[in-house]
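S.K.: My file is input.txt. It has compact mmCIF, C-alpha atoms:
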# COMPACT_ATOMS: atom_id res chain seq x y z
CA MET A 1 -115.84 49.90 -169.16
CA THR A 2 -118.03 48.59 -171.94
CA TYR A 3 -116.54 46.83 -174.93
CA ALA A 4 -117.21 49.77 -177.24
CA ARG A 5 -115.43 52.14 -174.89
CA VAL A 6 -112.41 49.86 -174.67
CA ARG A 7 -112.27 49.83 -178.46
CA VAL A 8 -112.41 53.63 -178.62
CA LYS A 9 -109.64 53.86 -176.03
CA ARG A 10 -107.49 51.39 -177.97
CA ARG A 11 -108.00 53.34 -181.16
CA THR A 12 -107.01 56.61 -179.46
CA LEU A 13 -103.91 54.96 -178.05
CA MET A 14 -103.04 53.66 -181.50
CA TRP A 15 -103.21 57.17 -182.99
CA ILE A 16 -101.05 58.53 -180.16
CA GLU A 17 -98.53 55.78 -180.87
CA ILE A 18 -98.50 56.57 -184.59
CA LEU A 19 -97.99 60.25 -183.81
CA LEU A 20 -95.12 59.51 -181.41
CA PHE A 21 -93.43 57.17 -183.87
CA ALA A 22 -93.79 59.75 -186.65
CA LEU A 23 -92.19 62.40 -184.42
CA LEU A 24 -89.46 59.91 -183.52
CA ILE A 25 -88.61 59.35 -187.19
CA ILE A 26 -88.71 63.08 -187.95
CA THR A 27 -86.39 63.78 -185.00
CA ALA A 28 -83.96 61.05 -186.07
CA ILE A 29 -83.79 62.31 -189.66
CA THR A 30 -83.33 65.89 -188.44
CA ILE A 31 -80.46 64.83 -186.15
CA VAL A 32 -78.73 63.12 -189.07
CA ARG A 33 -79.15 66.13 -191.34
CA LEU A 34 -78.06 68.78 -188.84
CA ASN A 35 -74.54 70.16 -188.84
CA ASP A 36 -75.03 72.08 -185.62
CA LEU A 37 -74.08 69.54 -182.96
CA PHE A 38 -75.54 71.64 -180.15
CA ALA A 39 -78.98 71.43 -181.73
CA ALA A 40 -78.40 67.73 -182.42
CA ALA A 41 -77.68 67.13 -178.72
CA MET A 42 -80.88 68.92 -177.73
CA LEU A 43 -82.84 66.92 -180.32
CA SER A 44 -81.42 63.67 -179.00
CA GLY A 45 -82.87 64.69 -175.63
CA ILE A 46 -86.24 65.15 -177.34
CA PHE A 47 -85.77 61.74 -179.00
CA SER A 48 -85.37 60.25 -175.52
CA VAL A 49 -88.50 61.96 -174.23
CA LEU A 50 -90.48 60.52 -177.17
CA CYS A 51 -89.07 57.07 -176.43
CA ALA A 52 -90.02 57.48 -172.77
CA SER A 53 -93.59 58.39 -173.82
CA LEU A 54 -93.77 55.24 -175.95
CA PHE A 55 -92.50 53.11 -173.05
CA THR A 56 -95.17 54.66 -170.82
CA LEU A 57 -97.84 53.70 -173.34
CA MET A 58 -96.50 50.14 -173.16
CA ASP A 59 -96.90 50.26 -169.34
CA ALA A 60 -93.15 49.97 -168.86
CA VAL A 61 -92.96 52.89 -166.45
CA ASP A 62 -89.65 51.88 -164.90
CA VAL A 63 -87.96 51.82 -168.29
CA ALA A 64 -89.66 55.08 -169.27
CA PHE A 65 -88.44 56.66 -166.05
CA THR A 66 -84.86 55.59 -166.72
CA GLU A 67 -85.03 56.75 -170.33
CA ALA A 68 -86.35 60.18 -169.30
CA ALA A 69 -83.85 60.63 -166.48
CA VAL A 70 -80.77 59.30 -168.26
CA GLY A 71 -81.45 59.90 -171.94
CA ALA A 72 -83.26 63.21 -171.81
CA GLY A 73 -81.71 64.51 -168.61
CA ILE A 74 -78.15 63.80 -167.67
CA SER A 75 -76.76 62.55 -170.98
CA THR A 76 -77.90 65.71 -172.78
CA VAL A 77 -76.04 67.77 -170.17
CA LEU A 78 -72.93 65.62 -170.51
CA MET A 79 -73.16 65.78 -174.30
CA ILE A 80 -73.31 69.58 -174.21
CA GLY A 81 -70.44 69.57 -171.74
CA ALA A 82 -68.42 67.51 -174.21
CA LEU A 83 -69.35 69.89 -177.05
CA ALA A 84 -68.12 72.83 -175.01
CA LEU A 85 -64.71 71.12 -174.90
CA THR A 86 -64.52 70.12 -178.54
CA GLY A 87 -66.59 72.17 -180.93
CA SER A 88 -70.24 72.49 -181.76
CA ARG A 89 -70.13 72.23 -185.54
CA GLU A 90 -69.72 69.13 -187.60
CA ASP A 91 -67.19 69.20 -190.41
CA GLN A 92 -68.80 69.22 -193.83
CA GLN A 93 -68.35 65.83 -195.38
CA PRO A 94 -69.32 64.64 -198.84
CA THR A 95 -72.38 62.41 -198.87
CA ARG A 96 -71.27 58.82 -199.39
CA LEU A 97 -73.52 56.09 -200.66
CA GLY A 98 -71.76 53.09 -199.03
CA PRO A 99 -72.58 53.83 -195.35
CA PHE A 100 -76.13 54.78 -196.30
CA VAL A 101 -76.70 51.42 -198.00
CA VAL A 102 -75.24 49.56 -195.00
CA VAL A 103 -77.54 51.43 -192.58
CA VAL A 104 -80.63 50.86 -194.73
CA LEU A 105 -79.82 47.15 -195.10
CA THR A 106 -79.23 46.71 -191.35
CA GLY A 107 -82.49 48.50 -190.56
CA ALA A 108 -84.38 46.38 -193.07
CA MET A 109 -82.92 43.22 -191.55
CA LEU A 110 -83.90 44.31 -188.04
CA ILE A 111 -87.47 45.07 -189.16
CA TYR A 112 -87.55 41.69 -190.94
CA GLY A 113 -86.46 40.10 -187.65
CA THR A 114 -89.34 41.66 -185.72
CA LEU A 115 -91.84 39.92 -188.06
CA ASP A 116 -90.88 36.64 -186.40
CA MET A 117 -91.54 37.92 -182.87
CA PRO A 118 -94.74 37.12 -180.98
CA ALA A 119 -97.44 39.81 -180.98
CA TYR A 120 -97.11 42.60 -178.43
CA GLY A 121 -98.68 41.53 -175.13
CA ASP A 122 -99.26 37.92 -176.28
CA PRO A 123 -99.59 35.87 -173.05
CA GLY A 124 -98.38 32.77 -174.90
CA ALA A 125 -95.04 34.38 -175.85
CA PRO A 126 -91.98 32.41 -174.64
CA ILE A 127 -90.83 35.25 -172.37
CA HIS A 128 -94.08 35.05 -170.41
CA GLN A 129 -93.79 31.28 -169.98
CA HIS A 130 -90.34 30.70 -168.53
CA VAL A 131 -89.58 32.29 -165.12
CA ALA A 132 -91.96 35.26 -165.31
CA PRO A 133 -94.97 33.51 -163.66
CA GLU A 134 -92.71 32.54 -160.74
CA TYR A 135 -91.49 36.14 -160.37
CA ILE A 136 -95.02 37.54 -160.51
CA ALA A 137 -96.28 35.12 -157.87
CA GLY A 138 -93.13 35.37 -155.74
CA THR A 139 -93.11 39.18 -155.57
CA THR A 140 -96.24 39.12 -153.42
CA THR A 141 -95.58 35.94 -151.42
CA GLU A 142 -91.82 36.32 -150.82
CA PHE A 143 -91.37 40.09 -150.82
CA GLY A 144 -94.78 41.60 -150.21
CA ILE A 145 -94.02 44.59 -152.47
CA PRO A 146 -96.11 45.77 -155.40
CA ASN A 147 -93.31 46.65 -157.85
CA ILE A 148 -92.25 43.45 -159.59
CA VAL A 149 -89.47 45.26 -161.48
CA THR A 150 -87.75 46.19 -158.22
CA ALA A 151 -88.04 42.62 -156.92
CA VAL A 152 -86.55 41.23 -160.14
CA LEU A 153 -83.73 43.79 -160.32
CA GLY A 154 -82.90 43.82 -156.64
CA SER A 155 -83.30 40.22 -155.61
CA TYR A 156 -84.09 37.69 -158.32
CA ARG A 157 -81.36 39.15 -160.50
CA GLY A 158 -79.24 40.66 -157.76
CA PHE A 159 -76.07 39.39 -159.40
CA ASP A 160 -76.94 41.22 -162.62
CA THR A 161 -77.55 44.46 -160.77
CA LEU A 162 -74.30 44.03 -158.84
CA GLY A 163 -72.55 43.65 -162.17
CA GLU A 164 -74.29 46.74 -163.56
CA THR A 165 -73.22 48.76 -160.55
CA ALA A 166 -69.68 47.51 -161.08
CA VAL A 167 -69.90 48.68 -164.71
CA ILE A 168 -70.93 52.17 -163.60
CA PHE A 169 -68.17 52.12 -160.99
CA THR A 170 -65.66 51.18 -163.68
CA ALA A 171 -66.93 53.96 -165.95
CA GLY A 172 -66.57 56.47 -163.13
CA VAL A 173 -63.07 55.29 -162.25
CA GLY A 174 -62.10 55.34 -165.92
CA VAL A 175 -63.30 58.91 -166.44
CA MET A 176 -61.61 60.08 -163.26
CA ALA A 177 -58.35 58.36 -164.18
CA LEU A 178 -58.32 59.75 -167.71
CA LEU A 179 -59.67 63.28 -167.21
CA LEU A 180 -59.23 64.22 -163.56
CA GLY A 181 -56.00 62.41 -162.74
CA ARG A 182 -53.87 64.06 -165.37
CA ARG A 183 -55.08 67.52 -164.43
CA LYS A 184 -53.97 67.01 -160.84
CA ARG A 185 -50.52 65.86 -161.91
CA GLN A 186 -50.14 68.79 -164.30
CA GLY A 187 -51.13 71.15 -161.51
CA LYS A 188 -48.53 69.63 -159.25
CA VAL A 189 -45.78 69.95 -161.83
CA GLU A 190 -46.74 73.55 -162.54
CA SER A 191 -46.81 74.53 -158.89
CA THR A 192 -43.43 72.96 -158.17
CA ASP A 193 -42.00 74.62 -161.27
CA ALA A 194 -43.40 78.00 -160.36
CA SER A 195 -42.57 78.27 -156.69
CA GLY A 196 -39.83 75.70 -156.17
CA ASP A 197 -41.01 74.56 -152.75
CA GLY A 198 -44.72 74.29 -153.55
CA ASN A 199 -46.60 72.27 -150.96
CA GLY A 200 -49.24 70.61 -153.06
CA MET B 201 -64.75 78.88 -176.69
CA SER B 202 -63.30 79.85 -173.32
CA VAL B 203 -66.29 81.90 -172.20
CA LYS B 204 -67.48 81.23 -168.66
CA PRO B 205 -71.17 80.44 -168.92
CA PRO B 206 -71.62 79.82 -165.14
CA MET B 207 -70.53 83.39 -164.38
CA ARG B 208 -73.06 84.74 -166.82
CA MET B 209 -75.83 82.44 -165.66
CA ARG B 210 -75.37 83.35 -162.03
CA GLU B 211 -76.08 86.98 -162.89
CA LYS B 212 -79.44 86.15 -164.44
CA VAL B 213 -82.06 86.63 -161.76
CA LEU B 214 -84.63 84.40 -163.35
CA LEU B 215 -82.25 81.44 -163.66
CA ARG B 216 -80.94 81.94 -160.14
CA VAL B 217 -84.34 82.19 -158.47
CA ALA B 218 -85.88 79.38 -160.53
CA SER B 219 -82.99 77.06 -159.81
CA GLN B 220 -83.15 77.87 -156.11
CA VAL B 221 -86.79 76.81 -156.15
CA PHE B 222 -86.21 73.69 -158.23
CA ILE B 223 -82.99 72.25 -156.82
CA PRO B 224 -84.49 71.29 -153.40
CA LEU B 225 -87.51 69.81 -155.17
CA ILE B 226 -85.28 67.78 -157.51
CA LEU B 227 -83.24 66.46 -154.58
CA LEU B 228 -86.39 65.64 -152.62
CA PHE B 229 -87.84 63.86 -155.65
CA GLY B 230 -84.58 61.92 -155.98
CA LEU B 231 -84.86 60.75 -152.37
CA TYR B 232 -88.51 59.80 -152.95
CA VAL B 233 -87.62 57.73 -156.02
CA GLN B 234 -84.75 56.15 -154.06
CA PHE B 235 -86.72 55.02 -151.05
CA HIS B 236 -90.09 54.44 -152.69
CA GLY B 237 -88.69 52.28 -155.49
CA ASP B 238 -90.19 49.07 -154.15
CA PHE B 239 -93.69 50.55 -154.13
CA GLY B 240 -93.66 52.73 -157.23
CA PRO B 241 -91.62 53.07 -160.38
CA GLY B 242 -88.01 53.92 -159.86
CA GLY B 243 -85.11 52.70 -157.80
CA GLY B 244 -81.49 53.40 -157.10
CA PHE B 245 -80.44 53.94 -160.69
CA GLN B 246 -83.05 56.56 -161.55
CA ALA B 247 -82.73 58.19 -158.13
CA GLY B 248 -78.98 58.48 -158.52
CA VAL B 249 -79.35 60.20 -161.87
CA ILE B 250 -82.03 62.59 -160.59
CA PHE B 251 -79.99 63.40 -157.50
CA ALA B 252 -76.90 64.08 -159.60
CA ALA B 253 -78.99 66.21 -161.99
CA GLY B 254 -79.94 68.47 -159.08
CA PHE B 255 -76.28 69.06 -158.26
CA VAL B 256 -75.39 69.48 -161.93
CA LEU B 257 -78.05 72.19 -162.24
CA PHE B 258 -76.52 73.92 -159.21
CA GLY B 259 -73.11 73.66 -160.84
CA LEU B 260 -74.37 75.07 -164.15
CA ILE B 261 -75.96 78.10 -162.51
CA PHE B 262 -73.57 78.91 -159.68
CA GLY B 263 -70.31 77.66 -161.14
CA LEU B 264 -68.13 74.62 -160.64
CA GLU B 265 -66.22 76.13 -157.73
CA ALA B 266 -69.42 76.65 -155.72
CA LEU B 267 -70.51 73.08 -156.46
CA GLN B 268 -67.15 71.69 -155.39
CA ARG B 269 -67.44 73.55 -152.12
CA VAL B 270 -70.77 71.76 -151.53
CA VAL B 271 -69.60 68.35 -152.78
CA PRO B 272 -65.80 68.16 -152.83
CA LEU B 273 -64.16 65.91 -155.42
CA SER B 274 -62.78 63.66 -152.68
CA VAL B 275 -66.34 62.95 -151.46
CA VAL B 276 -67.46 62.12 -155.01
CA GLU B 277 -64.46 59.86 -155.50
CA SER B 278 -65.10 57.91 -152.34
CA CYS B 279 -68.86 57.68 -152.97
CA VAL B 280 -68.24 56.01 -156.36
CA ALA B 281 -66.52 53.17 -154.53
CA LEU B 282 -68.67 53.28 -151.39
CA GLY B 283 -71.89 52.46 -153.26
CA LEU B 284 -70.43 49.32 -154.82
CA LEU B 285 -68.91 48.42 -151.45
CA ILE B 286 -72.33 48.69 -149.77
CA TYR B 287 -73.84 46.41 -152.42
CA GLY B 288 -71.08 43.84 -152.08
CA GLY B 289 -71.16 44.20 -148.30
CA VAL B 290 -74.83 43.21 -148.22
CA GLY B 291 -73.94 40.09 -150.19
CA VAL B 292 -71.09 39.22 -147.83
CA SER B 293 -73.21 39.82 -144.73
CA CYS B 294 -75.76 37.39 -146.19
CA LEU B 295 -72.93 34.86 -146.43
CA LEU B 296 -71.89 35.54 -142.85
CA ARG B 297 -75.42 34.99 -141.64
CA GLY B 298 -75.45 31.54 -143.17
CA GLY B 299 -77.29 32.28 -146.42
CA GLN B 300 -76.16 32.49 -150.00
CA PHE B 301 -74.50 35.52 -151.57
CA LEU B 302 -77.16 38.26 -152.04
CA ASP B 303 -79.88 36.06 -150.52
CA TYR B 304 -81.45 38.81 -148.42
CA GLY B 305 -83.93 36.52 -146.68
CA VAL B 306 -81.43 35.71 -143.94
CA LEU B 307 -80.87 39.38 -143.03
CA ASP B 308 -83.85 39.34 -140.65
CA HIS B 309 -84.14 36.60 -138.05
CA HIS B 310 -87.90 36.71 -137.76
CA SER B 311 -89.24 36.98 -141.26
CA SER B 312 -87.61 36.36 -144.61
CA MET B 313 -89.93 38.95 -146.14
CA HIS B 314 -88.51 41.69 -143.91
CA GLY B 315 -85.03 40.53 -144.75
CA GLN B 316 -85.76 40.79 -148.47
CA HIS B 317 -87.19 44.28 -147.95
CA LEU B 318 -84.13 45.40 -146.03
CA GLY B 319 -81.73 43.88 -148.52
CA ILE B 320 -83.40 45.56 -151.50
CA LEU B 321 -83.47 48.91 -149.68
CA ILE B 322 -79.76 48.79 -148.85
CA ILE B 323 -78.54 47.59 -152.25
CA GLU B 324 -80.69 50.26 -153.95
CA LEU B 325 -78.95 52.79 -151.73
CA GLY B 326 -75.61 51.45 -152.91
CA VAL B 327 -76.67 51.65 -156.56
CA GLY B 328 -77.97 55.20 -156.08
CA LEU B 329 -74.77 56.33 -154.41
CA THR B 330 -72.50 54.92 -157.10
CA VAL B 331 -74.65 56.26 -159.95
CA ALA B 332 -74.99 59.76 -158.49
CA ALA B 333 -71.29 59.98 -157.68
CA THR B 334 -70.26 58.70 -161.11
CA MET B 335 -72.50 61.21 -162.90
CA LEU B 336 -71.04 64.01 -160.78
CA ALA B 337 -67.50 62.75 -161.41
CA ILE B 338 -68.09 62.83 -165.18
CA PHE B 339 -69.55 66.33 -164.87
CA TYR B 340 -66.57 67.50 -162.79
CA ALA B 341 -64.17 65.99 -165.28
CA MET B 342 -65.83 67.67 -168.27
CA ALA B 343 -66.72 71.01 -166.73
CA GLY B 344 -63.35 71.36 -165.04
CA ARG B 345 -61.37 70.63 -168.16
CA GLY B 346 -62.39 73.59 -170.25
CA ARG B 347 -61.01 76.17 -167.84
CA THR B 348 -57.49 74.94 -167.12
Spell out the structure here as structure tokens.

M.R.:
Amino acid sequence: MTYARVRVKRRTLMWIEILLFALLIITAITIVRLNDLFAAAMLSGIFSVLCASLFTLMDAVDVAFTEAAVGAGISTVLMIGALALTGSREDQQPTRLGPFVVVVLTGAMLIYGTLDMPAYGDPGAPIHQHVAPEYIAGTTTEFGIPNIVTAVLGSYRGFDTLGETAVIFTAGVGVMALLLGRRKRQGKVESTDASGDGNG
Amino acid sequence: MSVKPPMRMREKVLLRVASQVFIPLILLFGLYVQFHGDFGPGGGFQAGVIFAAGFVLFGLIFGLEALQRVVPLSVVESCVALGLLIYGGVGVSCLLRGGQFLDYGVLDHHSSMHGQHLGILIIELGVGLTVAATMLAIFYAMAGRGRT
């Protein structure tokens, strides 16, 4: 590609990014303003899809994949499942100034913090200096696989991933203990009450 | 509030036929993401979610009872633990073979590279199993609660 073409491509990408970020902000504001929680859950799925698109533009396909599968896919379903159990409308509450100020201040501080970060894709950034060169070289020489993310997650940081799996395991056990366990016991009590010699 | 959406959805031809076309494709894609994670984007975590999503779609269309006939709760419960056990087991078998915990290089006698490959493949399987089973367990817990 010639230099001019690269510049045109960069400019197109920049406009796509601006569009996606604008949609992201619009979606976020709409979610806050909605009282219909069902629509808010669907919009949060759309929010995740927009995030996944942004991650793809940053070449972080593994993260984008996870965001699309978890954020837009399964968590929307679980959110709607939870709404079916509770209620799909938010109670009307008076607008309060205090929380709004806190949120705006926190957001402003976070944006102020990003000003200190190295530029996006800067090869001299600290994160690219520490262990990353070793990982990039090692993935081909030690593992012989093209996906560096898998090598880092699976092997270089195997302990981390073991811990993450344990977290998911704990979440699963917690949900089953809280929501499924009690139902079983109630069923047992009911059946013994109803038939006297119920066998299960 | 206590309507039964699965009963209604099952009667809709379009939903039924479309889901019958898509569910095998979703499951196949899940398996692809699972076992191709070291060559392309993806891995156990994403694969587990996609795999669970296929079953959740089946449950939404054909009802929770039909889904629990396909994947009983006891299977889900044991898979939540089995995945973590597989992951930990790989680490322990590395120890037994004289390496360090989760140092997959020792899993293959001939080449450390093959050992690393094998280790990553098996632990990703463990991750996928735990994630898929946990997502299904949460779905069972939530979907089953509204009707009792």

S.K.: Would you mind telling me which residue in A:Trp15, A:Tyr156, A:Phe38, A:Tyr112 lies nearest to chain B when using only C-alpha atoms?

M.R.: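 Closest candidate: A:Tyr156.
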
S.K.: Hey, which bits of chain B sit within 9 Å of chain A, and for each residue what's the closest pair of atoms and how far apart in Å (one decimal), counting only C-alpha atoms, rows by chain and increasing number, as JSON lines?

M.R.:
{"residue": "B:Met201", "atom": "CA", "partner": "A:Ala84", "partner_atom": "CA", "distance": 7.1}
{"residue": "B:Ser202", "atom": "CA", "partner": "A:Ala84", "partner_atom": "CA", "distance": 8.7}
{"residue": "B:Gly237", "atom": "CA", "partner": "A:Thr150", "partner_atom": "CA", "distance": 6.7}
{"residue": "B:Asp238", "atom": "CA", "partner": "A:Asn147", "partner_atom": "CA", "distance": 5.4}
{"residue": "B:Phe239", "atom": "CA", "partner": "A:Asn147", "partner_atom": "CA", "distance": 5.4}
{"residue": "B:Gly240", "atom": "CA", "partner": "A:Asn147", "partner_atom": "CA", "distance": 6.1}
{"residue": "B:Pro241", "atom": "CA", "partner": "A:Asp62", "partner_atom": "CA", "distance": 5.1}
{"residue": "B:Gly242", "atom": "CA", "partner": "A:Asp62", "partner_atom": "CA", "distance": 5.7}
{"residue": "B:Gly243", "atom": "CA", "partner": "A:Thr150", "partner_atom": "CA", "distance": 7.0}
{"residue": "B:Phe245", "atom": "CA", "partner": "A:Thr66", "partner_atom": "CA", "distance": 7.7}
{"residue": "B:Gln246", "atom": "CA", "partner": "A:Thr66", "partner_atom": "CA", "distance": 5.6}
{"residue": "B:Ala247", "atom": "CA", "partner": "A:Ala69", "partner_atom": "CA", "distance": 8.8}
{"residue": "B:Val249", "atom": "CA", "partner": "A:Ala69", "partner_atom": "CA", "distance": 6.5}
{"residue": "B:Ile250", "atom": "CA", "partner": "A:Ala69", "partner_atom": "CA", "distance": 6.5}
{"residue": "B:Ala252", "atom": "CA", "partner": "A:Ile74", "partner_atom": "CA", "distance": 8.2}
{"residue": "B:Ala253", "atom": "CA", "partner": "A:Ile74", "partner_atom": "CA", "distance": 6.2}
{"residue": "B:Val256", "atom": "CA", "partner": "A:Val77", "partner_atom": "CA", "distance": 8.4}
{"residue": "B:Glu277", "atom": "CA", "partner": "A:Val173", "partner_atom": "CA", "distance": 8.3}
{"residue": "B:Val280", "atom": "CA", "partner": "A:Phe169", "partner_atom": "CA", "distance": 6.0}
{"residue": "B:Ala281", "atom": "CA", "partner": "A:Phe169", "partner_atom": "CA", "distance": 6.7}
{"residue": "B:Gly283", "atom": "CA", "partner": "A:Thr165", "partner_atom": "CA", "distance": 8.3}
{"residue": "B:Leu284", "atom": "CA", "partner": "A:Thr165", "partner_atom": "CA", "distance": 6.4}
{"residue": "B:Tyr287", "atom": "CA", "partner": "A:Leu162", "partner_atom": "CA", "distance": 6.9}
{"residue": "B:Gly288", "atom": "CA", "partner": "A:Leu162", "partner_atom": "CA", "distance": 7.5}
{"residue": "B:Phe301", "atom": "CA", "partner": "A:Phe159", "partner_atom": "CA", "distance": 8.9}
{"residue": "B:Leu302", "atom": "CA", "partner": "A:Gly158", "partner_atom": "CA", "distance": 6.5}
{"residue": "B:Asp303", "atom": "CA", "partner": "A:Ser155", "partner_atom": "CA", "distance": 7.4}
{"residue": "B:Tyr304", "atom": "CA", "partner": "A:Ser155", "partner_atom": "CA", "distance": 7.6}
{"residue": "B:Gly305", "atom": "CA", "partner": "A:Glu142", "partner_atom": "CA", "distance": 8.9}
{"residue": "B:Ser312", "atom": "CA", "partner": "A:Glu142", "partner_atom": "CA", "distance": 7.5}
{"residue": "B:Met313", "atom": "CA", "partner": "A:Phe143", "partner_atom": "CA", "distance": 5.0}
{"residue": "B:His314", "atom": "CA", "partner": "A:Phe143", "partner_atom": "CA", "distance": 7.6}
{"residue": "B:Gly315", "atom": "CA", "partner": "A:Phe143", "partner_atom": "CA", "distance": 8.8}
{"residue": "B:Gln316", "atom": "CA", "partner": "A:Phe143", "partner_atom": "CA", "distance": 6.1}
{"residue": "B:His317", "atom": "CA", "partner": "A:Phe143", "partner_atom": "CA", "distance": 6.6}
{"residue": "B:Gly319", "atom": "CA", "partner": "A:Ser155", "partner_atom": "CA", "distance": 8.1}
{"residue": "B:Ile320", "atom": "CA", "partner": "A:Gly154", "partner_atom": "CA", "distance": 5.4}
{"residue": "B:Leu321", "atom": "CA", "partner": "A:Gly154", "partner_atom": "CA", "distance": 8.6}
{"residue": "B:Ile323", "atom": "CA", "partner": "A:Gly154", "partner_atom": "CA", "distance": 7.2}
{"residue": "B:Glu324", "atom": "CA", "partner": "A:Gly154", "partner_atom": "CA", "distance": 7.3}
{"residue": "B:Gly326", "atom": "CA", "partner": "A:Thr165", "partner_atom": "CA", "distance": 8.4}
{"residue": "B:Val327", "atom": "CA", "partner": "A:Thr165", "partner_atom": "CA", "distance": 6.0}
{"residue": "B:Thr330", "atom": "CA", "partner": "A:Phe169", "partner_atom": "CA", "distance": 6.5}
{"residue": "B:Val331", "atom": "CA", "partner": "A:Ile168", "partner_atom": "CA", "distance": 6.6}
{"residue": "B:Ala333", "atom": "CA", "partner": "A:Gly172", "partner_atom": "CA", "distance": 8.0}
{"residue": "B:Thr334", "atom": "CA", "partner": "A:Gly172", "partner_atom": "CA", "distance": 4.8}
{"residue": "B:Met335", "atom": "CA", "partner": "A:Gly172", "partner_atom": "CA", "distance": 7.6}
{"residue": "B:Ala337", "atom": "CA", "partner": "A:Gly172", "partner_atom": "CA", "distance": 6.6}
{"residue": "B:Ile338", "atom": "CA", "partner": "A:Val175", "partner_atom": "CA", "distance": 6.3}
{"residue": "B:Phe339", "atom": "CA", "partner": "A:Leu78", "partner_atom": "CA", "distance": 6.6}
{"residue": "B:Tyr340", "atom": "CA", "partner": "A:Leu180", "partner_atom": "CA", "distance": 8.1}
{"residue": "B:Ala341", "atom": "CA", "partner": "A:Leu180", "partner_atom": "CA", "distance": 5.5}
{"residue": "B:Met342", "atom": "CA", "partner": "A:Gly81", "partner_atom": "CA", "distance": 6.1}
{"residue": "B:Ala343", "atom": "CA", "partner": "A:Gly81", "partner_atom": "CA", "distance": 6.4}
{"residue": "B:Gly344", "atom": "CA", "partner": "A:Leu180", "partner_atom": "CA", "distance": 8.4}
{"residue": "B:Arg345", "atom": "CA", "partner": "A:Leu85", "partner_atom": "CA", "distance": 7.5}
{"residue": "B:Gly346", "atom": "CA", "partner": "A:Leu85", "partner_atom": "CA", "distance": 5.8}
{"residue": "B:Thr348", "atom": "CA", "partner": "A:Arg183", "partner_atom": "CA", "distance": 8.3}

S.K.: Determine the nearest neighbour of Phe222 of chain B from the options B:Cys294, B:Gln234, B:Phe255, B:Leu329, counting only C-alpha atoms.

M.R.: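 Once distances to Phe222 of chain B are computed over only C-alpha atoms, the minimum belongs to B:Phe255.
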
S.K.: What is the distance between atom CA of Leu336 of chain B and atom CA of Pro272 of chain B, in Å to one decimal?

M.R.: 10.4 Å

S.K.: Ranking B:Ile226, B:Val221, B:Val306, B:Ile322 by minimum distance to Gly289 of chain B and counting all atoms listed in the file, which one comes first?

M.R.: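 That would be B:Ile322, the residue with the smallest distance to Gly289 of chain B.
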
S.K.: With distances taken over all atoms listed in the file, which of A:Ile29, A:Pro133, A:Asp36, A:Asp59 is nearest to Gly121 of chain A?

M.R.: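 Comparing A:Ile29, A:Pro133, A:Asp36, A:Asp59 against Gly121 of chain A, the winner is A:Asp59.
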
S.K.: Just how far from atom CA of Leu24 of chain A is atom CA of Leu37 of chain A, in Å to one decimal?

M.R.: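 These two atoms are separated by 18.2 Å.
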
S.K.: Atom CA of Gln92 of chain A and atom CA of Asn35 of chain A, how far apart in Å?

M.R.: 7.7 Å

S.K.: Give me, as a list of chain:residue names, all polymer residues having an atom no more than 8 Å from Gly254 of chain B, counting all atoms listed in the file and skipping those fewer than 5 positions away in the same chain.

M.R.: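 Near Gly254 of chain B, the qualifying residues are B:Ile223, B:Pro224, B:Ile226, B:Leu227.
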
S.K.: When distances are computed from only C-alpha atoms, which of B:Gly291, B:Gly259, B:Gly298, B:Gly328 shows the smallest separation from Gly230 of chain B?

M.R.: B:Gly328
